[in-house]
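**Student:** My structure file my_file-v6.pdb, PDB, C-alpha atoms, is below:
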MODEL        1
ATOM      1  CA  MET A   1      -9.805  13.004 -71.831
ATOM      2  CA  ALA A   2     -10.104   9.666 -70.137
ATOM      3  CA  VAL A   3      -9.002   6.227 -71.173
ATOM      4  CA  ASN A   4     -11.151   3.425 -69.852
ATOM      5  CA  LYS A   5      -9.071   0.548 -71.183
ATOM      6  CA  PHE A   6      -5.416   0.704 -72.190
ATOM      7  CA  PRO A   7      -4.266  -2.886 -72.616
ATOM      8  CA  VAL A   8      -0.460  -3.009 -72.545
ATOM      9  CA  GLU A   9       0.600  -5.411 -75.279
ATOM     10  CA  GLY A  10       3.941  -6.827 -76.355
ATOM     11  CA  SER A  11       3.595  -5.842 -79.993
ATOM     12  CA  HIS A  12       2.781  -2.253 -79.053
ATOM     13  CA  ILE A  13       5.834  -2.112 -76.767
ATOM     14  CA  MET A  14       7.950  -3.483 -79.632
ATOM     15  CA  MET A  15       6.682  -0.836 -82.056
ATOM     16  CA  PHE A  16       7.104   1.895 -79.484
ATOM     17  CA  ALA A  17      10.680   0.810 -78.737
ATOM     18  CA  ARG A  18      11.479   0.811 -82.458
ATOM     19  CA  SER A  19      10.014   4.284 -82.801
ATOM     20  CA  ILE A  20      12.420   5.658 -80.179
ATOM     21  CA  ALA A  21      15.282   3.648 -81.727
ATOM     22  CA  ASP A  22      15.778   1.579 -78.576
ATOM     23  CA  ASP A  23      17.091  -1.908 -79.264
ATOM     24  CA  ASN A  24      17.167  -3.064 -75.631
ATOM     25  CA  GLN A  25      15.880  -6.623 -75.975
ATOM     26  CA  ILE A  26      13.826  -6.325 -72.792
ATOM     27  CA  TYR A  27      11.269  -4.584 -75.015
ATOM     28  CA  TYR A  28      11.280  -7.308 -77.700
ATOM     29  CA  ASP A  29      12.200 -10.733 -76.383
ATOM     30  CA  GLU A  30      10.359 -12.504 -73.571
ATOM     31  CA  GLY A  31      13.175 -15.033 -73.202
ATOM     32  CA  TYR A  32      15.791 -12.325 -72.762
ATOM     33  CA  ALA A  33      13.484 -10.295 -70.510
ATOM     34  CA  ALA A  34      13.152 -13.286 -68.177
ATOM     35  CA  THR A  35      16.894 -13.026 -67.487
ATOM     36  CA  THR A  36      16.737  -9.335 -66.491
ATOM     37  CA  GLU A  37      16.021  -7.836 -63.099
ATOM     38  CA  PRO A  38      12.364  -7.041 -63.904
ATOM     39  CA  GLY A  39      12.061 -10.649 -65.133
ATOM     40  CA  ARG A  40       9.625  -9.825 -67.908
ATOM     41  CA  VAL A  41       9.034  -7.500 -70.812
ATOM     42  CA  ILE A  42       8.399  -3.991 -69.490
ATOM     43  CA  ALA A  43       7.406  -0.806 -71.247
ATOM     44  CA  PRO A  44       9.952   1.962 -71.935
ATOM     45  CA  PRO A  45       9.635   4.911 -69.520
ATOM     46  CA  THR A  46       7.660   7.148 -71.872
ATOM     47  CA  PHE A  47       5.343   4.423 -73.213
ATOM     48  CA  ALA A  48       2.359   5.663 -71.187
ATOM     49  CA  GLN A  49       2.112   8.551 -73.635
ATOM     50  CA  SER A  50       0.756   6.093 -76.193
ATOM     51  CA  SER A  51      -2.442   5.789 -74.153
ATOM     52  CA  ALA A  52      -3.637   8.315 -76.753
ATOM     53  CA  GLN A  53      -4.213   5.278 -78.988
ATOM     54  CA  PHE A  54      -6.935   4.148 -76.604
ATOM     55  CA  ASP A  55      -8.617   7.513 -76.097
ATOM     56  CA  PRO A  56     -11.670   7.404 -78.385
ATOM     57  CA  ASP A  57     -11.811  11.204 -78.564
ATOM     58  CA  TYR A  58      -8.098  11.975 -78.964
ATOM     59  CA  PHE A  59      -8.061  15.084 -81.155
ATOM     60  CA  LEU A  60      -4.710  14.445 -82.841
ATOM     61  CA  ARG A  61      -5.926  11.306 -84.616
ATOM     62  CA  PRO A  62      -8.028  11.507 -87.789
ATOM     63  CA  LYS A  63     -11.552  10.155 -87.329
ATOM     64  CA  MET A  64     -13.434   8.477 -90.154
ATOM     65  CA  ASP A  65     -16.477  10.736 -89.895
ATOM     66  CA  GLU A  66     -14.750  14.051 -89.236
ATOM     67  CA  ASP A  67     -12.698  16.524 -91.234
ATOM     68  CA  TRP A  68      -8.973  16.409 -90.554
ATOM     69  CA  PHE A  69      -6.788  19.492 -90.464
ATOM     70  CA  GLY A  70      -3.799  17.897 -92.220
ATOM     71  CA  SER A  71      -3.210  18.287 -95.955
ATOM     72  CA  GLY A  72      -4.901  16.481 -98.829
ATOM     73  CA  LYS A  73      -5.692  18.364-102.009
ATOM     74  CA  GLU A  74      -5.304  21.515 -99.970
ATOM     75  CA  ALA A  75      -2.750  22.342 -97.312
ATOM     76  CA  THR A  76      -5.407  21.790 -94.671
ATOM     77  CA  GLY A  77      -8.705  19.971 -94.667
ATOM     78  CA  ILE A  78     -10.298  22.556 -92.414
ATOM     79  CA  LYS A  79     -10.807  26.203 -93.251
ATOM     80  CA  ARG A  80     -10.154  28.332 -90.238
ATOM     81  CA  GLU A  81     -10.976  31.889 -89.337
ATOM     82  CA  ALA A  82      -8.175  34.107 -90.596
ATOM     83  CA  SER A  83      -7.953  35.706 -87.175
ATOM     84  CA  SER A  84      -7.685  32.486 -85.217
ATOM     85  CA  GLY A  85      -4.060  33.167 -84.346
ATOM     86  CA  GLY A  86      -1.025  30.993 -84.781
ATOM     87  CA  GLY A  87      -1.392  28.367 -82.150
ATOM     88  CA  GLY A  88       2.156  27.419 -83.009
ATOM     89  CA  GLY A  89       1.619  23.684 -83.170
ATOM     90  CA  GLY A  90      -1.124  23.783 -85.747
ATOM     91  CA  GLY A  91      -3.370  21.699 -83.536
ATOM     92  CA  GLY A  92      -3.482  22.179 -79.833
ATOM     93  CA  GLY A  93      -0.239  24.055 -79.466
ATOM     94  CA  LEU A  94       3.116  22.584 -78.528
ATOM     95  CA  HIS A  95       4.216  20.196 -75.834
ATOM     96  CA  ALA A  96       6.394  22.112 -73.357
ATOM     97  CA  GLU A  97       7.110  19.641 -70.556
ATOM     98  CA  GLN A  98       6.401  16.070 -69.541
ATOM     99  CA  HIS A  99       7.014  14.390 -66.204
ATOM    100  CA  PHE A 100       6.469  10.810 -65.085
ATOM    101  CA  GLU A 101       6.529   9.186 -61.688
ATOM    102  CA  TYR A 102       6.676   5.392 -61.764
ATOM    103  CA  HIS A 103       5.115   3.511 -58.899
ATOM    104  CA  ARG A 104       5.545   0.253 -60.817
ATOM    105  CA  HIS A 105       6.806  -0.573 -64.315
ATOM    106  CA  VAL A 106       4.030  -1.965 -66.488
ATOM    107  CA  GLY A 107       4.263  -4.727 -69.067
ATOM    108  CA  PRO A 108       2.210  -6.972 -71.336
ATOM    109  CA  GLY A 109      -0.894  -8.200 -69.569
ATOM    110  CA  ASP A 110      -1.450  -5.042 -67.587
ATOM    111  CA  VAL A 111      -4.692  -3.274 -68.410
ATOM    112  CA  LEU A 112      -4.585   0.381 -67.461
ATOM    113  CA  THR A 113      -7.014   3.200 -67.094
ATOM    114  CA  ALA A 114      -6.030   6.833 -67.364
ATOM    115  CA  GLU A 115      -7.813   9.652 -65.644
ATOM    116  CA  VAL A 116      -6.883  13.178 -66.626
ATOM    117  CA  LYS A 117      -7.254  16.123 -64.294
ATOM    118  CA  PRO A 118      -6.624  19.748 -65.182
ATOM    119  CA  GLY A 119      -3.724  21.444 -63.432
ATOM    120  CA  LYS A 120      -2.488  25.014 -63.307
ATOM    121  CA  THR A 121      -2.488  27.508 -66.171
ATOM    122  CA  TRP A 122      -0.144  30.473 -66.504
ATOM    123  CA  GLU A 123       1.100  33.006 -69.055
ATOM    124  CA  LYS A 124       4.483  34.303 -70.075
ATOM    125  CA  GLU A 125       5.792  36.688 -72.700
ATOM    126  CA  GLY A 126       8.094  34.811 -75.077
ATOM    127  CA  LYS A 127      10.898  36.411 -77.111
ATOM    128  CA  ARG A 128      10.476  34.123 -80.103
ATOM    129  CA  SER A 129       6.725  33.491 -80.242
ATOM    130  CA  GLY A 130       4.791  36.281 -78.500
ATOM    131  CA  LYS A 131       2.472  35.549 -75.597
ATOM    132  CA  LEU A 132       2.688  32.004 -74.269
ATOM    133  CA  VAL A 133      -0.214  30.350 -72.480
ATOM    134  CA  PHE A 134       0.778  27.257 -70.517
ATOM    135  CA  SER A 135      -1.644  24.658 -69.222
ATOM    136  CA  GLU A 136      -0.952  21.602 -67.150
ATOM    137  CA  THR A 137      -2.715  18.243 -67.005
ATOM    138  CA  ILE A 138      -2.213  15.449 -64.498
ATOM    139  CA  THR A 139      -2.842  11.883 -65.692
ATOM    140  CA  GLU A 140      -3.173   9.027 -63.249
ATOM    141  CA  TYR A 141      -2.643   5.562 -64.704
ATOM    142  CA  ARG A 142      -4.086   2.704 -62.678
ATOM    143  CA  ASP A 143      -3.756  -1.008 -63.298
ATOM    144  CA  GLN A 144      -6.357  -3.785 -63.390
ATOM    145  CA  ASN A 145      -6.332  -3.860 -59.572
ATOM    146  CA  GLY A 146      -6.960  -0.146 -59.266
ATOM    147  CA  GLU A 147      -3.395   0.468 -58.094
ATOM    148  CA  LEU A 148      -1.737   3.717 -59.167
ATOM    149  CA  VAL A 149       1.183   2.730 -61.448
ATOM    150  CA  ILE A 150       2.213   5.965 -63.180
ATOM    151  CA  THR A 151       1.503   9.612 -62.424
ATOM    152  CA  ALA A 152       2.134  11.867 -65.400
ATOM    153  CA  ARG A 153       2.171  15.652 -65.592
ATOM    154  CA  GLY A 154       2.145  17.320 -68.962
ATOM    155  CA  VAL A 155       2.467  20.990 -69.819
ATOM    156  CA  GLY A 156       1.209  22.320 -73.122
ATOM    157  CA  VAL A 157       1.830  25.767 -74.527
ATOM    158  CA  ARG A 158      -0.074  27.838 -77.029
ATOM    159  CA  THR A 159       1.965  30.497 -78.739
ATOM    160  CA  GLU A 160       0.726  33.733 -80.256
ATOM    161  CA  ARG A 161       2.628  32.959 -83.472
ATOM    162  CA  PRO A 162       4.936  30.218 -84.737
ATOM    163  CA  VAL A 163       8.228  30.090 -82.870
ATOM    164  CA  ASP A 164      10.898  32.165 -84.663
ATOM    165  CA  GLN A 165      13.702  30.008 -86.039
TER
ATOM    166  CA  MET B   1      23.450  -3.891 -65.412
ATOM    167  CA  ALA B   2      22.244  -1.659 -62.630
ATOM    168  CA  LEU B   3      24.325   1.011 -60.953
ATOM    169  CA  ALA B   4      25.725   0.733 -57.447
ATOM    170  CA  ALA B   5      25.790   3.739 -55.118
ATOM    171  CA  LYS B   6      29.401   3.057 -54.139
ATOM    172  CA  ASP B   7      30.538   3.504 -57.737
ATOM    173  CA  LEU B   8      28.789   6.837 -58.241
ATOM    174  CA  ASN B   9      30.169  10.297 -57.585
ATOM    175  CA  VAL B  10      28.465  13.642 -57.912
ATOM    176  CA  GLY B  11      29.464  15.052 -61.268
ATOM    177  CA  ASP B  12      29.833  11.694 -63.006
ATOM    178  CA  THR B  13      28.475  11.815 -66.540
ATOM    179  CA  TYR B  14      27.173   9.343 -69.074
ATOM    180  CA  THR B  15      26.626  10.323 -72.710
ATOM    181  CA  GLU B  16      25.030   8.633 -75.703
ATOM    182  CA  CYS B  17      24.451   9.728 -79.262
ATOM    183  CA  LEU B  18      20.669   9.402 -79.649
ATOM    184  CA  VAL B  19      20.430   9.828 -83.390
ATOM    185  CA  GLU B  20      22.522  10.986 -86.310
ATOM    186  CA  ASP B  21      20.716  12.757 -89.137
ATOM    187  CA  LEU B  22      17.176  12.267 -87.807
ATOM    188  CA  LYS B  23      14.956  10.935 -90.570
ATOM    189  CA  ARG B  24      11.365  11.962 -91.217
ATOM    190  CA  THR B  25      10.517   8.264 -91.263
ATOM    191  CA  GLN B  26      11.626   7.933 -87.628
ATOM    192  CA  ILE B  27       9.194  10.734 -86.766
ATOM    193  CA  VAL B  28       6.462   8.900 -88.711
ATOM    194  CA  MET B  29       7.246   5.757 -86.707
ATOM    195  CA  TYR B  30       6.820   7.714 -83.487
ATOM    196  CA  ALA B  31       3.510   9.168 -84.673
ATOM    197  CA  GLY B  32       2.307   5.651 -85.401
ATOM    198  CA  SER B  33       3.385   4.099 -82.129
ATOM    199  CA  SER B  34       2.348   6.949 -79.840
ATOM    200  CA  GLY B  35      -0.858   7.827 -81.639
ATOM    201  CA  ASP B  36       0.046  11.523 -81.880
ATOM    202  CA  TYR B  37      -0.752  12.238 -85.533
ATOM    203  CA  ASN B  38      -0.436  16.012 -85.333
ATOM    204  CA  PRO B  39       0.417  16.900 -88.950
ATOM    205  CA  VAL B  40       3.178  19.276 -87.828
ATOM    206  CA  HIS B  41       5.265  16.139 -87.311
ATOM    207  CA  THR B  42       4.611  14.320 -90.580
ATOM    208  CA  ASP B  43       2.861  16.582 -93.089
ATOM    209  CA  GLU B  44       5.330  18.946 -94.758
ATOM    210  CA  LYS B  45       2.680  20.779 -96.788
ATOM    211  CA  PHE B  46       0.487  21.550 -93.797
ATOM    212  CA  THR B  47       3.434  22.473 -91.612
ATOM    213  CA  LYS B  48       4.918  24.941 -94.101
ATOM    214  CA  GLU B  49       1.754  26.447 -95.516
ATOM    215  CA  VAL B  50      -0.593  26.450 -92.537
ATOM    216  CA  ALA B  51       1.400  26.084 -89.317
ATOM    217  CA  GLY B  52       4.151  28.412 -90.553
ATOM    218  CA  TYR B  53       7.244  26.318 -89.818
ATOM    219  CA  PRO B  54      10.097  25.603 -92.265
ATOM    220  CA  SER B  55       9.542  21.833 -92.085
ATOM    221  CA  VAL B  56       7.967  19.112 -90.015
ATOM    222  CA  PHE B  57       9.620  18.653 -86.622
ATOM    223  CA  ALA B  58       9.935  15.859 -84.101
ATOM    224  CA  HIS B  59       7.483  15.258 -81.294
ATOM    225  CA  GLY B  60       8.989  16.474 -78.027
ATOM    226  CA  MET B  61       8.079  13.022 -76.776
ATOM    227  CA  LEU B  62      10.266  11.399 -79.437
ATOM    228  CA  THR B  63      13.270  13.293 -78.093
ATOM    229  CA  MET B  64      12.163  12.451 -74.550
ATOM    230  CA  GLY B  65      11.772   8.784 -75.484
ATOM    231  CA  MET B  66      15.207   8.614 -77.096
ATOM    232  CA  THR B  67      16.725  10.464 -74.142
ATOM    233  CA  GLY B  68      14.973   7.991 -71.852
ATOM    234  CA  ARG B  69      16.836   5.239 -73.693
ATOM    235  CA  MET B  70      20.107   6.858 -72.617
ATOM    236  CA  VAL B  71      18.788   6.992 -69.036
ATOM    237  CA  THR B  72      17.697   3.327 -68.926
ATOM    238  CA  ASN B  73      20.926   2.209 -70.599
ATOM    239  CA  TYR B  74      22.767   3.999 -67.784
ATOM    240  CA  VAL B  75      20.685   3.077 -64.730
ATOM    241  CA  GLY B  76      19.409  -0.345 -65.777
ATOM    242  CA  ASP B  77      16.068  -1.905 -66.605
ATOM    243  CA  GLY B  78      13.108  -1.081 -64.399
ATOM    244  CA  ARG B  79      15.170   1.210 -62.153
ATOM    245  CA  VAL B  80      13.765   4.613 -63.110
ATOM    246  CA  THR B  81      11.381   6.059 -60.522
ATOM    247  CA  LYS B  82      10.948   9.573 -61.918
ATOM    248  CA  TYR B  83      11.697  11.102 -65.277
ATOM    249  CA  GLY B  84      10.776  14.561 -66.492
ATOM    250  CA  ASP B  85      11.844  16.922 -69.251
ATOM    251  CA  ARG B  86      11.257  20.381 -70.658
ATOM    252  CA  PHE B  87      11.382  20.754 -74.423
ATOM    253  CA  THR B  88      13.537  23.820 -74.888
ATOM    254  CA  SER B  89      14.005  23.912 -78.640
ATOM    255  CA  GLN B  90      12.481  22.130 -81.600
ATOM    256  CA  VAL B  91      14.141  19.082 -83.158
ATOM    257  CA  TRP B  92      14.205  18.948 -86.961
ATOM    258  CA  PRO B  93      14.815  16.255 -89.569
ATOM    259  CA  GLY B  94      18.558  16.055 -90.135
ATOM    260  CA  ASP B  95      19.424  16.832 -86.535
ATOM    261  CA  THR B  96      22.038  14.847 -84.653
ATOM    262  CA  LEU B  97      21.339  14.581 -80.935
ATOM    263  CA  ASN B  98      23.546  13.728 -77.994
ATOM    264  CA  ALA B  99      22.208  13.192 -74.485
ATOM    265  CA  THR B 100      24.079  13.380 -71.202
ATOM    266  CA  ALA B 101      23.108  12.369 -67.697
ATOM    267  CA  THR B 102      25.013  13.971 -64.809
ATOM    268  CA  VAL B 103      24.928  12.621 -61.262
ATOM    269  CA  ASP B 104      23.586  15.356 -58.976
ATOM    270  CA  ASP B 105      23.034  13.315 -55.828
ATOM    271  CA  VAL B 106      23.106   9.786 -54.441
ATOM    272  CA  THR B 107      21.065   9.343 -51.272
ATOM    273  CA  ASP B 108      19.335   6.361 -49.683
ATOM    274  CA  GLY B 109      19.699   4.155 -52.735
ATOM    275  CA  VAL B 110      18.393   6.723 -55.184
ATOM    276  CA  VAL B 111      20.479   8.555 -57.767
ATOM    277  CA  THR B 112      19.294  11.939 -59.010
ATOM    278  CA  LEU B 113      20.440  12.760 -62.511
ATOM    279  CA  SER B 114      20.166  15.927 -64.502
ATOM    280  CA  VAL B 115      19.592  15.170 -68.140
ATOM    281  CA  GLU B 116      20.341  17.294 -71.168
ATOM    282  CA  THR B 117      20.072  16.687 -74.898
ATOM    283  CA  THR B 118      21.806  18.933 -77.400
ATOM    284  CA  ASN B 119      21.793  19.141 -81.181
ATOM    285  CA  GLN B 120      24.706  19.383 -83.624
ATOM    286  CA  ASP B 121      24.941  23.138 -83.017
ATOM    287  CA  GLY B 122      25.194  22.734 -79.255
ATOM    288  CA  VAL B 123      21.648  24.002 -78.725
ATOM    289  CA  VAL B 124      19.919  22.395 -75.741
ATOM    290  CA  VAL B 125      16.722  20.830 -77.085
ATOM    291  CA  LEU B 126      15.685  19.023 -73.909
ATOM    292  CA  SER B 127      16.485  19.586 -70.272
ATOM    293  CA  GLY B 128      15.303  17.420 -67.422
ATOM    294  CA  TYR B 129      15.981  14.999 -64.610
ATOM    295  CA  ALA B 130      15.627  11.370 -63.665
ATOM    296  CA  ASN B 131      15.635   9.487 -60.405
ATOM    297  CA  ALA B 132      16.551   5.807 -60.259
ATOM    298  CA  ARG B 133      17.092   3.125 -57.664
ATOM    299  CA  VAL B 134      20.710   2.043 -57.311
ATOM    300  CA  ASP B 135      22.241  -0.885 -55.454
ATOM    301  CA  THR B 136      23.434  -0.044 -51.954
TER
ENDMDL
END
Please, can you express the file's structure as structure tokens?
**Tutor:**
Amino acid sequence: MAVNKFPVEGSHIMMFARSIADDNQIYYDEGYAATTEPGRVIAPPTFAQSSAQFDPDYFLRPKMDEDWFGSGKEATGIKREASSGGGGGGGGGLHAEQHFEYHRHVGPGDVLTAEVKPGKTWEKEGKRSGKLVFSETITEYRDQNGELVITARGVGVRTERPVDQ
Amino acid sequence: MALAAKDLNVGDTYTECLVEDLKRTQIVMYAGSSGDYNPVHTDEKFTKEVAGYPSVFAHGMLTMGMTGRMVTNYVGDGRVTKYGDRFTSQVWPGDTLNATATVDDVTDGVVTLSVETTNQDGVVVLSGYANARVDT
């Protein structure tokens, strides 16, 4: 996965802030933001995750010309091999960890790129879901000047079966 | 308002209620804003019949985003330098979540917080840390 152009926009920050139920006006109101220490609208700490919107190949977004595994007439739009295993998350497993390092806080007007590099993989036996396979990805977000602004490390996990409740 | 090192002591805590009775619509909002449309978060039929879970559940990143709100409310705007979490248990519609930051260290103008979010049953759903600049 790579994102060649992730324009950070005020309306996207507003929608993102609403979606995490954060009413801090620094995410909504330029006039208020000008009175804060950053002096402008900035993105909430986890906003970089929404770079998925700008990844043309992101697999967890339905594409017009491809089947989608969510329900329509049937419970899933894609018939899978019966032996394909749980996967736990239904599509790509579950998100186990996420880490961000902020070199600078981004805001409207910044245009980012994201380069994703594979990290470590490891396995563990889980009590509630069978064998767990973890895999790590490192994402480097750079701004319009090529400066590194956010380093993100994500860990995904595939489970042998759905997690027991 | 940002924090000042002189006012912080190891063991200090700050707690916020993140959400009471989490609604499916909030999860839909997060899918829309983040772009993560995995049906396990929004599609009850798929999630029950194909993925094998009792209902849709929240994105880990929704819990992390809401917990991040507690962190930024505590440390101030633009002050966070690192923030990371492990998702230790799933979050379901109807859950009520509380998040707490605990001061672990204050050194050279940086506070290190441990962060924990629990549900209405006291189950830890998220466990992590944050670093933030503080006034010296």
**Student:** What does the distance between CA of Ala52 in chain A and CA of Gly119 in chain A come to in Å, to one decimal place?
**Tutor:**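 About the pair CA of Ala52 in chain A and CA of Gly119 in chain A: they are 18.7 Å apart.
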**Student:** Counting only C-alpha atoms, which residues of chain B sit at most 8 Å from some atom of chain A, and what is each one's closest atom pair with its distance in Å to one decimal, listed by chain and rising residue number, as JSON lines?
**Tutor:**
{"residue": "B:Gln26", "atom": "CA", "partner": "A:Ser19", "partner_atom": "CA", "distance": 6.3}
{"residue": "B:Ile27", "atom": "CA", "partner": "A:Ser19", "partner_atom": "CA", "distance": 7.6}
{"residue": "B:Met29", "atom": "CA", "partner": "A:Ser19", "partner_atom": "CA", "distance": 5.0}
{"residue": "B:Tyr30", "atom": "CA", "partner": "A:Ser19", "partner_atom": "CA", "distance": 4.7}
{"residue": "B:Ser33", "atom": "CA", "partner": "A:Phe16", "partner_atom": "CA", "distance": 5.1}
{"residue": "B:Ser34", "atom": "CA", "partner": "A:Ser50", "partner_atom": "CA", "distance": 4.1}
{"residue": "B:Gly35", "atom": "CA", "partner": "A:Gln53", "partner_atom": "CA", "distance": 5.0}
{"residue": "B:Asp36", "atom": "CA", "partner": "A:Leu60", "partner_atom": "CA", "distance": 5.7}
{"residue": "B:Tyr37", "atom": "CA", "partner": "A:Leu60", "partner_atom": "CA", "distance": 5.3}
{"residue": "B:Asn38", "atom": "CA", "partner": "A:Leu60", "partner_atom": "CA", "distance": 5.2}
{"residue": "B:Pro39", "atom": "CA", "partner": "A:Gly70", "partner_atom": "CA", "distance": 5.4}
{"residue": "B:Val40", "atom": "CA", "partner": "A:Gly90", "partner_atom": "CA", "distance": 6.6}
{"residue": "B:Asp43", "atom": "CA", "partner": "A:Gly70", "partner_atom": "CA", "distance": 6.8}
{"residue": "B:Lys45", "atom": "CA", "partner": "A:Ala75", "partner_atom": "CA", "distance": 5.7}
{"residue": "B:Phe46", "atom": "CA", "partner": "A:Ala75", "partner_atom": "CA", "distance": 4.8}
{"residue": "B:Thr47", "atom": "CA", "partner": "A:Gly90", "partner_atom": "CA", "distance": 7.5}
{"residue": "B:Glu49", "atom": "CA", "partner": "A:Ala75", "partner_atom": "CA", "distance": 6.4}
{"residue": "B:Val50", "atom": "CA", "partner": "A:Ala75", "partner_atom": "CA", "distance": 6.7}
{"residue": "B:Ala51", "atom": "CA", "partner": "A:Gly90", "partner_atom": "CA", "distance": 4.9}
{"residue": "B:Gly52", "atom": "CA", "partner": "A:Pro162", "partner_atom": "CA", "distance": 6.1}
{"residue": "B:Tyr53", "atom": "CA", "partner": "A:Pro162", "partner_atom": "CA", "distance": 6.8}
{"residue": "B:Gly60", "atom": "CA", "partner": "A:His95", "partner_atom": "CA", "distance": 6.4}
{"residue": "B:Met61", "atom": "CA", "partner": "A:Thr46", "partner_atom": "CA", "distance": 7.7}
{"residue": "B:Leu62", "atom": "CA", "partner": "A:Ile20", "partner_atom": "CA", "distance": 6.2}
{"residue": "B:Thr63", "atom": "CA", "partner": "A:Ile20", "partner_atom": "CA", "distance": 8.0}
{"residue": "B:Met64", "atom": "CA", "partner": "A:Thr46", "partner_atom": "CA", "distance": 7.5}
{"residue": "B:Gly65", "atom": "CA", "partner": "A:Ile20", "partner_atom": "CA", "distance": 5.7}
{"residue": "B:Met66", "atom": "CA", "partner": "A:Ile20", "partner_atom": "CA", "distance": 5.1}
{"residue": "B:Gly68", "atom": "CA", "partner": "A:Pro45", "partner_atom": "CA", "distance": 6.6}
{"residue": "B:Arg69", "atom": "CA", "partner": "A:Asp22", "partner_atom": "CA", "distance": 6.2}
{"residue": "B:Asp77", "atom": "CA", "partner": "A:Pro38", "partner_atom": "CA", "distance": 6.9}
{"residue": "B:Gly78", "atom": "CA", "partner": "A:Pro38", "partner_atom": "CA", "distance": 6.0}
{"residue": "B:Val80", "atom": "CA", "partner": "A:Tyr102", "partner_atom": "CA", "distance": 7.3}
{"residue": "B:Thr81", "atom": "CA", "partner": "A:Tyr102", "partner_atom": "CA", "distance": 4.9}
{"residue": "B:Lys82", "atom": "CA", "partner": "A:Glu101", "partner_atom": "CA", "distance": 4.4}
{"residue": "B:Tyr83", "atom": "CA", "partner": "A:Phe100", "partner_atom": "CA", "distance": 5.2}
{"residue": "B:Gly84", "atom": "CA", "partner": "A:His99", "partner_atom": "CA", "distance": 3.8}
{"residue": "B:Asp85", "atom": "CA", "partner": "A:Gln98", "partner_atom": "CA", "distance": 5.5}
{"residue": "B:Arg86", "atom": "CA", "partner": "A:Glu97", "partner_atom": "CA", "distance": 4.2}
{"residue": "B:Phe87", "atom": "CA", "partner": "A:Ala96", "partner_atom": "CA", "distance": 5.3}
{"residue": "B:Thr88", "atom": "CA", "partner": "A:Ala96", "partner_atom": "CA", "distance": 7.5}
**Student:** Please compute the CA of Tyr129 in chain B-CA of Lys5 in chain A distance, one decimal, in Å.
**Tutor:**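 The value is 29.7 Å.
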**Student:** Once you add 8 Å to each side, what are the centre and edge lengths of the axis-aligned box holding all listed atoms of range 60-73 of chain A? One decimal in Å, as JSON, if you can.
**Tutor:**
{"center_x": -9.8, "center_y": 14.0, "center_z": -92.4, "size_x": 29.3, "size_y": 27.0, "size_z": 35.2}
**Student:** State, in Å with one decimal place, the distance from CA of Gly109 in chain B to CA of Thr136 in chain B.
**Tutor:** 5.7 Å
**Student:** Using the chain letters and numbers from the file, which residues does the PyMOL selection byres ((chain B and resi 19) around 9) grab, as an mmCIF file with C-alpha atoms, in the frame of the given file?
**Tutor:**
data_model
loop_
_atom_site.group_PDB
_atom_site.id
_atom_site.type_symbol
_atom_site.label_atom_id
_atom_site.label_comp_id
_atom_site.auth_asym_id
_atom_site.auth_seq_id
_atom_site.Cartn_x
_atom_site.Cartn_y
_atom_site.Cartn_z
ATOM 1 C CA ALA A 21 15.282 3.648 -81.727
ATOM 2 C CA CYS B 17 24.451 9.728 -79.262
ATOM 3 C CA LEU B 18 20.669 9.402 -79.649
ATOM 4 C CA GLU B 20 22.522 10.986 -86.310
ATOM 5 C CA ASP B 21 20.716 12.757 -89.137
ATOM 6 C CA LEU B 22 17.176 12.267 -87.807
ATOM 7 C CA MET B 66 15.207 8.614 -77.096
ATOM 8 C CA ASP B 95 19.424 16.832 -86.535
ATOM 9 C CA THR B 96 22.038 14.847 -84.653
ATOM 10 C CA LEU B 97 21.339 14.581 -80.935
ATOM 11 C CA ASN B 98 23.546 13.728 -77.994
#
**Student:** Restricting the calculation to all atoms listed in the file: of A:Asn4, A:Thr139, A:Gln144, A:Gly156, which residue gets closest to Thr121 in chain A?
**Tutor:** A:Gly156
**Student:** For Trp92 in chain B, work out the shell of residues within 7 Å, counting only C-alpha atoms and skipping chain neighbours fewer than 2 positions away, then give it as an MDAnalysis selection string.
**Tutor:** chainID B and resid 56:58 90 94:95
